[in-house]
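This report refers to the structure that appears directly beneath it.
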Amino acid sequence: RAGILKNRFFTEKLLPLCPDLRLGVRLVLGDRHLPWGRLALVAIGIGLGTAVLLAGVALPHAVRQQNERSLSREMPSAGGSASTGAAVLGETRHEDFYERSITGRALKPLRADPPLPPGVERMPGPGQLVVSPELKRVLDGPGGEGLLARLHGRVVGVIGPEGLLGERELYFYTGTAAPDEQLTKAVHHGFGEGERRSRALTGSFWTLLALVECAALVPVVVFVLSTARLAEAARQRRLAALRLVGADARQLRRIAVGENLVGAVLGLPVGWAVFLALRPLGTALPP
């Protein structure tokens with residue numbers, strides 16, 4: 001605390017425009033009976049609110065990015081003449097493994113230099129598999145040999161992040177030698193052709209996001225208001241003493257703002273730390 005008081009940067013450089021705010025900060029930091037517990041609780045509350053707001057700002061971008069990745073690997077349906085001149089034919093396949101859904105595509109290239117799915121370095125041939133990192137961990141774990149036999153191939157590669165919707169997605173590509181008429185998907189120039197249009201976020205999404213943000217912020221606001229009332233008697237005594245020495249009502253309000261500013265400034269880095277710590281969990285959730 002002595003180091004904070006001796007460091008005049010916080011009180012004279014950070015808040016040079018308003019002496020009353022500066023006085024409020026000095027009253028809090030210079031109090032011999034400084035309620036550090038109250039300040040910590042206020043900082044935690046402000047931090048949680050900041051993390052919720054940051055998550056709300058980041059979520060739409062994450063949803064758009066996931067939609068773009070989903071569209072970039074789509075294959076249009078092949079029907080009749082739609083498959084004429086196609087570079088790659090394919091079909092969608094599904095498997096279940098201990099209540100987890102596994103999705104993939106069987107691909108059959110029709111020319112020597114076929115377009116590749118996003119995240120895939122080379123086209124798998126019949127009996128070969130290119131799998132997501134999570135699916136590779138499943139195949140290497142208990143029961144993986146049986147699942148590998150059901151997928152009819154051996155792993156020859158791993159799908160890159162740009163071809164997946166999430167870190168825990170179970171997805172694969174495999175080669176096939178099935179007759180062309182049995183394959184229901186076709187690619188002519190590249191995966192995602194005819195689908196490369198941004199899916200605009202609907203009004204329902206924004207409404208749901210606003211409701212979730214409000215529901216998450218209400219308990220945080222209640223928590224901050226509750227902690228702000230802690231040590232209220234001591235704060236009122238300080239403000240009453242300032243009133244006796246000549247401070248008017250407007251100055252008292254600015255001084256009170258300065259006192260609360262300490263907890264708010266401490267809470268902002270806490271919020272960023274919580275957001276950055278929890279952000280990887282969003283990509284680890286199943287798509």
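Letters A, B, ... mark the chains of the structure tokens in the order given; residue numbers begin at 1 per chain; ligand numbers begin at 1, in order shown.
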Within 10 Å of region 39-42 of chain A: each region 220-246 of chain A residue with its shortest pair, only C-alpha atoms, as CSV:
residue,atom,partner,partner_atom,distance
A:Phe223,CA,A:Val42,CA,8.2
A:Val224,CA,A:Val42,CA,5.7
A:Leu225,CA,A:Val42,CA,8.6
A:Ser226,CA,A:Val42,CA,9.1
A:Thr227,CA,A:Val42,CA,6.0
A:Ala228,CA,A:Val42,CA,6.8
A:Leu230,CA,A:Leu39,CA,9.6
Take the residues that were just selected and, keeping all heavy atoms, output them as a PDB file, in the first residue's frame.
ATOM      1  N   PHE A 223     -24.608  -8.432  -7.787  1.00  0.00           N
ATOM      2  CA  PHE A 223     -23.406  -8.697  -7.001  1.00  0.00           C
ATOM      3  C   PHE A 223     -22.600  -7.414  -6.780  1.00  0.00           C
ATOM      4  O   PHE A 223     -22.139  -7.135  -5.664  1.00  0.00           O
ATOM      5  CB  PHE A 223     -22.561  -9.752  -7.706  1.00  0.00           C
ATOM      6  CG  PHE A 223     -21.264 -10.070  -7.030  1.00  0.00           C
ATOM      7  CD1 PHE A 223     -21.235 -10.912  -5.925  1.00  0.00           C
ATOM      8  CD2 PHE A 223     -20.076  -9.535  -7.484  1.00  0.00           C
ATOM      9  CE1 PHE A 223     -20.048 -11.202  -5.293  1.00  0.00           C
ATOM     10  CE2 PHE A 223     -18.885  -9.829  -6.864  1.00  0.00           C
ATOM     11  CZ  PHE A 223     -18.860 -10.666  -5.764  1.00  0.00           C
ATOM     12  N   VAL A 224     -22.434  -6.620  -7.834  1.00  0.00           N
ATOM     13  CA  VAL A 224     -21.662  -5.384  -7.713  1.00  0.00           C
ATOM     14  C   VAL A 224     -22.363  -4.405  -6.779  1.00  0.00           C
ATOM     15  O   VAL A 224     -21.727  -3.765  -5.923  1.00  0.00           O
ATOM     16  CB  VAL A 224     -21.446  -4.760  -9.102  1.00  0.00           C
ATOM     17  CG1 VAL A 224     -20.818  -3.379  -8.980  1.00  0.00           C
ATOM     18  CG2 VAL A 224     -20.556  -5.653  -9.950  1.00  0.00           C
ATOM     19  N   LEU A 225     -23.691  -4.265  -6.920  1.00  0.00           N
ATOM     20  CA  LEU A 225     -24.430  -3.358  -6.033  1.00  0.00           C
ATOM     21  C   LEU A 225     -24.349  -3.809  -4.586  1.00  0.00           C
ATOM     22  O   LEU A 225     -24.233  -2.983  -3.668  1.00  0.00           O
ATOM     23  CB  LEU A 225     -25.891  -3.276  -6.481  1.00  0.00           C
ATOM     24  CG  LEU A 225     -26.141  -2.579  -7.830  1.00  0.00           C
ATOM     25  CD1 LEU A 225     -27.614  -2.625  -8.183  1.00  0.00           C
ATOM     26  CD2 LEU A 225     -25.650  -1.142  -7.793  1.00  0.00           C
ATOM     27  N   SER A 226     -24.395  -5.113  -4.368  1.00  0.00           N
ATOM     28  CA  SER A 226     -24.311  -5.626  -2.997  1.00  0.00           C
ATOM     29  C   SER A 226     -22.948  -5.347  -2.398  1.00  0.00           C
ATOM     30  O   SER A 226     -22.835  -4.938  -1.229  1.00  0.00           O
ATOM     31  CB  SER A 226     -24.610  -7.122  -2.974  1.00  0.00           C
ATOM     32  OG  SER A 226     -25.916  -7.383  -3.468  1.00  0.00           O
ATOM     33  N   THR A 227     -21.892  -5.569  -3.159  1.00  0.00           N
ATOM     34  CA  THR A 227     -20.546  -5.326  -2.636  1.00  0.00           C
ATOM     35  C   THR A 227     -20.282  -3.832  -2.458  1.00  0.00           C
ATOM     36  O   THR A 227     -19.512  -3.437  -1.574  1.00  0.00           O
ATOM     37  CB  THR A 227     -19.490  -5.925  -3.574  1.00  0.00           C
ATOM     38  OG1 THR A 227     -19.683  -5.409  -4.895  1.00  0.00           O
ATOM     39  CG2 THR A 227     -19.603  -7.439  -3.620  1.00  0.00           C
ATOM     40  N   ALA A 228     -20.920  -3.005  -3.307  1.00  0.00           N
ATOM     41  CA  ALA A 228     -20.720  -1.565  -3.171  1.00  0.00           C
ATOM     42  C   ALA A 228     -21.281  -1.034  -1.863  1.00  0.00           C
ATOM     43  O   ALA A 228     -20.831   0.000  -1.350  1.00  0.00           O
ATOM     44  CB  ALA A 228     -21.355  -0.836  -4.349  1.00  0.00           C
ATOM     45  N   LEU A 230     -21.072  -2.595   0.936  1.00  0.00           N
ATOM     46  CA  LEU A 230     -20.191  -2.963   2.043  1.00  0.00           C
ATOM     47  C   LEU A 230     -19.338  -1.753   2.422  1.00  0.00           C
ATOM     48  O   LEU A 230     -18.888  -0.989   1.574  1.00  0.00           O
ATOM     49  CB  LEU A 230     -19.284  -4.135   1.644  1.00  0.00           C
ATOM     50  CG  LEU A 230     -20.004  -5.445   1.303  1.00  0.00           C
ATOM     51  CD1 LEU A 230     -19.005  -6.473   0.815  1.00  0.00           C
ATOM     52  CD2 LEU A 230     -20.780  -5.969   2.503  1.00  0.00           C
TER      53      LEU A 230
END
Distance query Leu151 (chain A) at most 9 Å, only C-alpha atoms, self and fewer than 6 positions along chain excluded, as number ranges by chain: A: 95, 127, 129, 174
Which of region 11-207 of chain A fall in strand (DSSP E), as a ChimeraX atom specification: /A:88-97,100-109,128-131,154-158,171-175,185-187
Please produce an output containing N, CA, C and O atoms for each residue in the selection, written as a tab-separated table (two decimals), in the first residue's frame.
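This went into selection-v2.tsv:
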chain	number	residue	atom	x	y	z
A	88	VAL	N	-14.71	-34.09	-58.80
A	88	VAL	CA	-14.76	-35.00	-57.65
A	88	VAL	C	-16.22	-35.38	-57.42
A	88	VAL	O	-17.11	-34.52	-57.44
A	89	LEU	N	-16.47	-36.65	-57.20
A	89	LEU	CA	-17.78	-37.13	-56.78
A	89	LEU	C	-17.66	-37.61	-55.33
A	89	LEU	O	-16.57	-37.97	-54.86
A	90	GLY	N	-18.77	-37.61	-54.63
A	90	GLY	CA	-18.71	-38.04	-53.25
A	90	GLY	C	-20.07	-38.31	-52.68
A	90	GLY	O	-21.10	-38.11	-53.32
A	91	GLU	N	-20.05	-38.77	-51.45
A	91	GLU	CA	-21.28	-39.01	-50.69
A	91	GLU	C	-20.99	-38.81	-49.21
A	91	GLU	O	-19.85	-38.97	-48.76
A	92	THR	N	-22.02	-38.45	-48.47
A	92	THR	CA	-21.89	-38.22	-47.03
A	92	THR	C	-22.08	-39.53	-46.28
A	92	THR	O	-22.95	-40.33	-46.63
A	93	ARG	N	-21.27	-39.72	-45.26
A	93	ARG	CA	-21.37	-40.92	-44.44
A	93	ARG	C	-21.48	-40.53	-42.98
A	93	ARG	O	-20.94	-39.51	-42.54
A	94	HIS	N	-22.17	-41.38	-42.23
A	94	HIS	CA	-22.37	-41.15	-40.79
A	94	HIS	C	-22.07	-42.43	-40.03
A	94	HIS	O	-22.39	-43.53	-40.49
A	95	GLU	N	-21.46	-42.25	-38.87
A	95	GLU	CA	-21.22	-43.36	-37.96
A	95	GLU	C	-21.49	-42.87	-36.54
A	95	GLU	O	-21.40	-41.67	-36.26
A	96	ASP	N	-21.83	-43.79	-35.65
A	96	ASP	CA	-22.02	-43.47	-34.24
A	96	ASP	C	-21.00	-44.25	-33.42
A	96	ASP	O	-20.71	-45.41	-33.70
A	97	PHE	N	-20.48	-43.58	-32.38
A	97	PHE	CA	-19.49	-44.21	-31.52
A	97	PHE	C	-19.73	-43.73	-30.10
A	97	PHE	O	-19.43	-42.58	-29.76
A	100	ARG	N	-21.62	-40.58	-29.71
A	100	ARG	CA	-21.03	-39.45	-30.42
A	100	ARG	C	-21.19	-39.68	-31.92
A	100	ARG	O	-20.96	-40.78	-32.42
A	101	SER	N	-21.60	-38.63	-32.61
A	101	SER	CA	-21.86	-38.73	-34.04
A	101	SER	C	-20.59	-38.41	-34.81
A	101	SER	O	-19.90	-37.42	-34.53
A	102	ILE	N	-20.28	-39.25	-35.78
A	102	ILE	CA	-19.12	-39.07	-36.64
A	102	ILE	C	-19.63	-38.85	-38.06
A	102	ILE	O	-20.42	-39.64	-38.58
A	103	THR	N	-19.18	-37.77	-38.68
A	103	THR	CA	-19.60	-37.43	-40.04
A	103	THR	C	-18.39	-37.39	-40.94
A	103	THR	O	-17.29	-37.01	-40.51
A	104	GLY	N	-18.59	-37.79	-42.19
A	104	GLY	CA	-17.49	-37.74	-43.14
A	104	GLY	C	-17.98	-37.78	-44.56
A	104	GLY	O	-19.19	-37.82	-44.82
A	105	ARG	N	-17.03	-37.78	-45.49
A	105	ARG	CA	-17.36	-37.83	-46.90
A	105	ARG	C	-16.45	-38.84	-47.58
A	105	ARG	O	-15.24	-38.88	-47.34
A	106	ALA	N	-17.06	-39.67	-48.42
A	106	ALA	CA	-16.32	-40.56	-49.31
A	106	ALA	C	-16.13	-39.84	-50.63
A	106	ALA	O	-17.11	-39.37	-51.24
A	107	LEU	N	-14.89	-39.71	-51.10
A	107	LEU	CA	-14.57	-38.91	-52.27
A	107	LEU	C	-13.97	-39.79	-53.36
A	107	LEU	O	-13.20	-40.73	-53.09
A	108	LYS	N	-14.31	-39.44	-54.59
A	108	LYS	CA	-13.77	-40.15	-55.75
A	108	LYS	C	-13.31	-39.11	-56.77
A	108	LYS	O	-14.13	-38.49	-57.45
A	109	PRO	N	-12.01	-38.88	-56.89
A	109	PRO	CA	-11.53	-37.91	-57.88
A	109	PRO	C	-11.66	-38.45	-59.29
A	109	PRO	O	-11.46	-39.65	-59.54
A	128	GLN	N	-8.11	-45.30	-47.57
A	128	GLN	CA	-7.33	-44.31	-46.82
A	128	GLN	C	-8.27	-43.31	-46.15
A	128	GLN	O	-9.34	-43.01	-46.66
A	129	LEU	N	-7.83	-42.81	-45.01
A	129	LEU	CA	-8.64	-41.88	-44.22
A	129	LEU	C	-7.81	-40.64	-43.89
A	129	LEU	O	-6.64	-40.74	-43.52
A	130	VAL	N	-8.45	-39.49	-44.01
A	130	VAL	CA	-7.91	-38.23	-43.47
A	130	VAL	C	-8.91	-37.78	-42.42
A	130	VAL	O	-10.08	-37.54	-42.73
A	131	VAL	N	-8.47	-37.69	-41.18
A	131	VAL	CA	-9.40	-37.52	-40.06
A	131	VAL	C	-9.07	-36.23	-39.29
A	131	VAL	O	-7.98	-35.67	-39.42
A	154	ARG	N	-7.29	-46.83	-43.37
A	154	ARG	CA	-6.21	-46.52	-42.45
A	154	ARG	C	-5.91	-45.03	-42.53
A	154	ARG	O	-6.05	-44.41	-43.59
A	155	VAL	N	-5.51	-44.46	-41.43
A	155	VAL	CA	-5.29	-43.02	-41.34
A	155	VAL	C	-4.00	-42.65	-42.06
A	155	VAL	O	-2.93	-43.19	-41.75
A	156	VAL	N	-4.10	-41.72	-43.00
A	156	VAL	CA	-2.92	-41.25	-43.74
A	156	VAL	C	-2.72	-39.74	-43.60
A	156	VAL	O	-1.77	-39.20	-44.16
A	157	GLY	N	-3.59	-39.08	-42.88
A	157	GLY	CA	-3.44	-37.64	-42.73
A	157	GLY	C	-4.43	-37.07	-41.72
A	157	GLY	O	-5.34	-37.77	-41.25
A	158	VAL	N	-4.23	-35.80	-41.38
A	158	VAL	CA	-5.07	-35.10	-40.40
A	158	VAL	C	-5.62	-33.84	-41.04
A	158	VAL	O	-4.89	-33.12	-41.75
A	171	TYR	N	-14.74	-35.78	-37.70
A	171	TYR	CA	-14.98	-35.64	-39.14
A	171	TYR	C	-13.87	-36.36	-39.89
A	171	TYR	O	-12.73	-36.45	-39.41
A	172	PHE	N	-14.19	-36.87	-41.08
A	172	PHE	CA	-13.18	-37.59	-41.86
A	172	PHE	C	-13.49	-37.50	-43.34
A	172	PHE	O	-14.62	-37.21	-43.76
A	173	TYR	N	-12.47	-37.74	-44.13
A	173	TYR	CA	-12.59	-37.95	-45.57
A	173	TYR	C	-11.97	-39.31	-45.89
A	173	TYR	O	-10.94	-39.68	-45.31
A	174	THR	N	-12.59	-40.02	-46.81
A	174	THR	CA	-12.06	-41.31	-47.23
A	174	THR	C	-12.23	-41.43	-48.73
A	174	THR	O	-13.10	-40.79	-49.34
A	175	GLY	N	-11.37	-42.23	-49.34
A	175	GLY	CA	-11.51	-42.48	-50.77
A	175	GLY	C	-12.48	-43.62	-51.05
A	175	GLY	O	-12.73	-44.47	-50.19
A	185	LYS	N	-22.95	-36.49	-54.59
A	185	LYS	CA	-22.38	-35.14	-54.50
A	185	LYS	C	-21.36	-34.96	-55.62
A	185	LYS	O	-20.71	-35.92	-56.04
A	186	ALA	N	-21.21	-33.73	-56.07
A	186	ALA	CA	-20.28	-33.45	-57.16
A	186	ALA	C	-19.62	-32.10	-56.96
A	186	ALA	O	-20.26	-31.13	-56.54
A	187	VAL	N	-18.33	-32.02	-57.27
A	187	VAL	CA	-17.56	-30.78	-57.23
A	187	VAL	C	-16.92	-30.57	-58.59
A	187	VAL	O	-16.28	-31.49	-59.13
Nearest to Glu167 (chain A) by atom-to-atom distance, counting only C-alpha atoms, from A:Gly246, A:Pro133, A:Gly45, A:Gly125: A:Pro133
Close residues, Leu201 (chain A) itself excluded, 10 Å, only C-alpha atoms, min 4 positions apart in chain, as a PDB file with N, CA and C atoms, in the first residue's frame:
ATOM      1  N   PRO A  60     -20.804 -13.336 -32.142  1.00  0.00           N
ATOM      2  CA  PRO A  60     -21.251 -13.255 -33.546  1.00  0.00           C
ATOM      3  C   PRO A  60     -20.131 -13.543 -34.543  1.00  0.00           C
ATOM      4  N   VAL A  63     -19.576 -17.264 -34.685  1.00  0.00           N
ATOM      5  CA  VAL A  63     -20.642 -17.956 -35.418  1.00  0.00           C
ATOM      6  C   VAL A  63     -20.461 -17.759 -36.923  1.00  0.00           C
ATOM      7  N   ARG A  64     -20.134 -16.534 -37.346  1.00  0.00           N
ATOM      8  CA  ARG A  64     -19.902 -16.280 -38.775  1.00  0.00           C
ATOM      9  C   ARG A  64     -18.734 -17.115 -39.277  1.00  0.00           C
ATOM     10  N   ASN A  67     -19.809 -20.661 -39.740  1.00  0.00           N
ATOM     11  CA  ASN A  67     -20.645 -20.799 -40.934  1.00  0.00           C
ATOM     12  C   ASN A  67     -19.796 -20.802 -42.203  1.00  0.00           C
ATOM     13  N   PHE A 205     -31.351 -14.738 -33.778  1.00  0.00           N
ATOM     14  CA  PHE A 205     -30.048 -14.912 -33.129  1.00  0.00           C
ATOM     15  C   PHE A 205     -29.717 -13.701 -32.261  1.00  0.00           C
ATOM     16  N   TRP A 206     -29.909 -12.500 -32.821  1.00  0.00           N
ATOM     17  CA  TRP A 206     -29.575 -11.297 -32.050  1.00  0.00           C
ATOM     18  C   TRP A 206     -30.479 -11.151 -30.838  1.00  0.00           C
TER      19      TRP A 206
END
Contacts of Ile46 (chain A) within 9 Å, only C-alpha atoms, excl. fewer than 5 positions in-chain, as a PyMOL selection string: chain A and resi 41+51+220-221+224+263-268+270-271
Save the residues we just selected, all heavy atoms, as a PDB file, in the first residue's frame?
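And here's selection_30.pdb as it stands now:
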ATOM      1  N   LEU A  41     -13.902  -7.709  -4.146  1.00  0.00           N
ATOM      2  CA  LEU A  41     -15.208  -8.175  -4.595  1.00  0.00           C
ATOM      3  C   LEU A  41     -15.756  -7.297  -5.723  1.00  0.00           C
ATOM      4  O   LEU A  41     -16.329  -7.802  -6.694  1.00  0.00           O
ATOM      5  CB  LEU A  41     -16.184  -8.200  -3.418  1.00  0.00           C
ATOM      6  CG  LEU A  41     -15.914  -9.255  -2.331  1.00  0.00           C
ATOM      7  CD1 LEU A  41     -16.898  -9.095  -1.180  1.00  0.00           C
ATOM      8  CD2 LEU A  41     -16.029 -10.654  -2.920  1.00  0.00           C
ATOM      9  N   ALA A  51     -16.179  -9.596 -18.792  1.00  0.00           N
ATOM     10  CA  ALA A  51     -16.015 -10.856 -19.531  1.00  0.00           C
ATOM     11  C   ALA A  51     -17.293 -11.227 -20.273  1.00  0.00           C
ATOM     12  O   ALA A  51     -17.244 -11.702 -21.418  1.00  0.00           O
ATOM     13  CB  ALA A  51     -15.612 -11.965 -18.568  1.00  0.00           C
ATOM     14  N   VAL A 220     -24.668 -10.331 -12.101  1.00  0.00           N
ATOM     15  CA  VAL A 220     -23.412  -9.597 -11.920  1.00  0.00           C
ATOM     16  C   VAL A 220     -23.693  -8.194 -11.374  1.00  0.00           C
ATOM     17  O   VAL A 220     -23.005  -7.716 -10.464  1.00  0.00           O
ATOM     18  CB  VAL A 220     -22.651  -9.520 -13.262  1.00  0.00           C
ATOM     19  CG1 VAL A 220     -21.415  -8.636 -13.120  1.00  0.00           C
ATOM     20  CG2 VAL A 220     -22.244 -10.910 -13.725  1.00  0.00           C
ATOM     21  N   VAL A 221     -24.723  -7.529 -11.915  1.00  0.00           N
ATOM     22  CA  VAL A 221     -25.080  -6.191 -11.434  1.00  0.00           C
ATOM     23  C   VAL A 221     -25.524  -6.250  -9.978  1.00  0.00           C
ATOM     24  O   VAL A 221     -25.132  -5.405  -9.143  1.00  0.00           O
ATOM     25  CB  VAL A 221     -26.184  -5.591 -12.319  1.00  0.00           C
ATOM     26  CG1 VAL A 221     -26.714  -4.298 -11.722  1.00  0.00           C
ATOM     27  CG2 VAL A 221     -25.659  -5.350 -13.722  1.00  0.00           C
ATOM     28  N   VAL A 224     -22.434  -6.620  -7.834  1.00  0.00           N
ATOM     29  CA  VAL A 224     -21.662  -5.384  -7.713  1.00  0.00           C
ATOM     30  C   VAL A 224     -22.363  -4.405  -6.779  1.00  0.00           C
ATOM     31  O   VAL A 224     -21.727  -3.765  -5.923  1.00  0.00           O
ATOM     32  CB  VAL A 224     -21.446  -4.760  -9.102  1.00  0.00           C
ATOM     33  CG1 VAL A 224     -20.818  -3.379  -8.980  1.00  0.00           C
ATOM     34  CG2 VAL A 224     -20.556  -5.653  -9.950  1.00  0.00           C
ATOM     35  N   GLY A 263     -12.222   0.450  -7.902  1.00  0.00           N
ATOM     36  CA  GLY A 263     -12.678  -0.918  -8.139  1.00  0.00           C
ATOM     37  C   GLY A 263     -12.928  -1.203  -9.599  1.00  0.00           C
ATOM     38  O   GLY A 263     -12.641  -2.303 -10.092  1.00  0.00           O
ATOM     39  N   ALA A 264     -13.454  -0.190 -10.333  1.00  0.00           N
ATOM     40  CA  ALA A 264     -13.721  -0.401 -11.756  1.00  0.00           C
ATOM     41  C   ALA A 264     -12.428  -0.596 -12.539  1.00  0.00           C
ATOM     42  O   ALA A 264     -12.340  -1.471 -13.411  1.00  0.00           O
ATOM     43  CB  ALA A 264     -14.499   0.784 -12.318  1.00  0.00           C
ATOM     44  N   VAL A 265     -11.402   0.209 -12.238  1.00  0.00           N
ATOM     45  CA  VAL A 265     -10.125   0.082 -12.946  1.00  0.00           C
ATOM     46  C   VAL A 265      -9.477  -1.255 -12.634  1.00  0.00           C
ATOM     47  O   VAL A 265      -8.898  -1.906 -13.519  1.00  0.00           O
ATOM     48  CB  VAL A 265      -9.194   1.246 -12.574  1.00  0.00           C
ATOM     49  CG1 VAL A 265      -7.795   1.019 -13.119  1.00  0.00           C
ATOM     50  CG2 VAL A 265      -9.761   2.558 -13.112  1.00  0.00           C
ATOM     51  N   LEU A 266      -9.572  -1.696 -11.390  1.00  0.00           N
ATOM     52  CA  LEU A 266      -9.024  -3.012 -11.048  1.00  0.00           C
ATOM     53  C   LEU A 266      -9.803  -4.140 -11.716  1.00  0.00           C
ATOM     54  O   LEU A 266      -9.244  -5.204 -12.011  1.00  0.00           O
ATOM     55  CB  LEU A 266      -9.042  -3.195  -9.530  1.00  0.00           C
ATOM     56  CG  LEU A 266      -8.108  -2.292  -8.715  1.00  0.00           C
ATOM     57  CD1 LEU A 266      -8.318  -2.530  -7.225  1.00  0.00           C
ATOM     58  CD2 LEU A 266      -6.653  -2.527  -9.090  1.00  0.00           C
ATOM     59  N   GLY A 267     -11.104  -3.921 -11.968  1.00  0.00           N
ATOM     60  CA  GLY A 267     -11.930  -4.987 -12.542  1.00  0.00           C
ATOM     61  C   GLY A 267     -11.712  -5.205 -14.024  1.00  0.00           C
ATOM     62  O   GLY A 267     -11.925  -6.326 -14.522  1.00  0.00           O
ATOM     63  N   LEU A 268     -11.284  -4.173 -14.759  1.00  0.00           N
ATOM     64  CA  LEU A 268     -11.110  -4.331 -16.210  1.00  0.00           C
ATOM     65  C   LEU A 268     -10.057  -5.386 -16.565  1.00  0.00           C
ATOM     66  O   LEU A 268     -10.327  -6.272 -17.387  1.00  0.00           O
ATOM     67  CB  LEU A 268     -10.759  -2.983 -16.842  1.00  0.00           C
ATOM     68  CG  LEU A 268     -11.901  -1.965 -16.874  1.00  0.00           C
ATOM     69  CD1 LEU A 268     -11.416  -0.649 -17.469  1.00  0.00           C
ATOM     70  CD2 LEU A 268     -13.089  -2.495 -17.668  1.00  0.00           C
ATOM     71  N   VAL A 270      -9.150  -7.832 -14.769  1.00  0.00           N
ATOM     72  CA  VAL A 270      -9.712  -9.109 -14.329  1.00  0.00           C
ATOM     73  C   VAL A 270     -10.661  -9.656 -15.393  1.00  0.00           C
ATOM     74  O   VAL A 270     -10.641 -10.853 -15.723  1.00  0.00           O
ATOM     75  CB  VAL A 270     -10.442  -8.942 -12.974  1.00  0.00           C
ATOM     76  CG1 VAL A 270     -11.166 -10.222 -12.585  1.00  0.00           C
ATOM     77  CG2 VAL A 270      -9.452  -8.570 -11.882  1.00  0.00           C
ATOM     78  N   GLY A 271     -11.504  -8.785 -15.960  1.00  0.00           N
ATOM     79  CA  GLY A 271     -12.433  -9.223 -17.003  1.00  0.00           C
ATOM     80  C   GLY A 271     -11.718  -9.739 -18.233  1.00  0.00           C
ATOM     81  O   GLY A 271     -12.094 -10.768 -18.797  1.00  0.00           O
TER      82      GLY A 271
END
Exercise: Gln66 (chain A) partners within 9 Å, only C-alpha atoms, chain neighbours under 5 positions left out, as a PyMOL selection string: chain A and resi 61+71+164-166+287
Per-residue DSSP, region 34-233 of chain A, filtered to alpha helix (DSSP H), as number ranges by chain: A: 36-72, 133-140, 144-151, 203-228, 232-233
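Distance-wise, CA of Gly119 (chain A) and CA of Glu193 (chain A) end up 16.1 Å apart.
In terms of minimum interatomic distance to Leu147 (chain A), A:Tyr98 ranks closest within A:Arg279, A:Tyr98, A:Glu162, A:Glu169, counting only C-alpha atoms.
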For CA of Ala177 (chain A) and CA of Leu110 (chain A), the interatomic separation in Å (one decimal):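 Distance between the two atoms: 10.7 Å.
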Distance of CA of Glu74 (chain A) from CA of Arg150 (chain A), expressed in Å to one decimal place: 23.7 Å
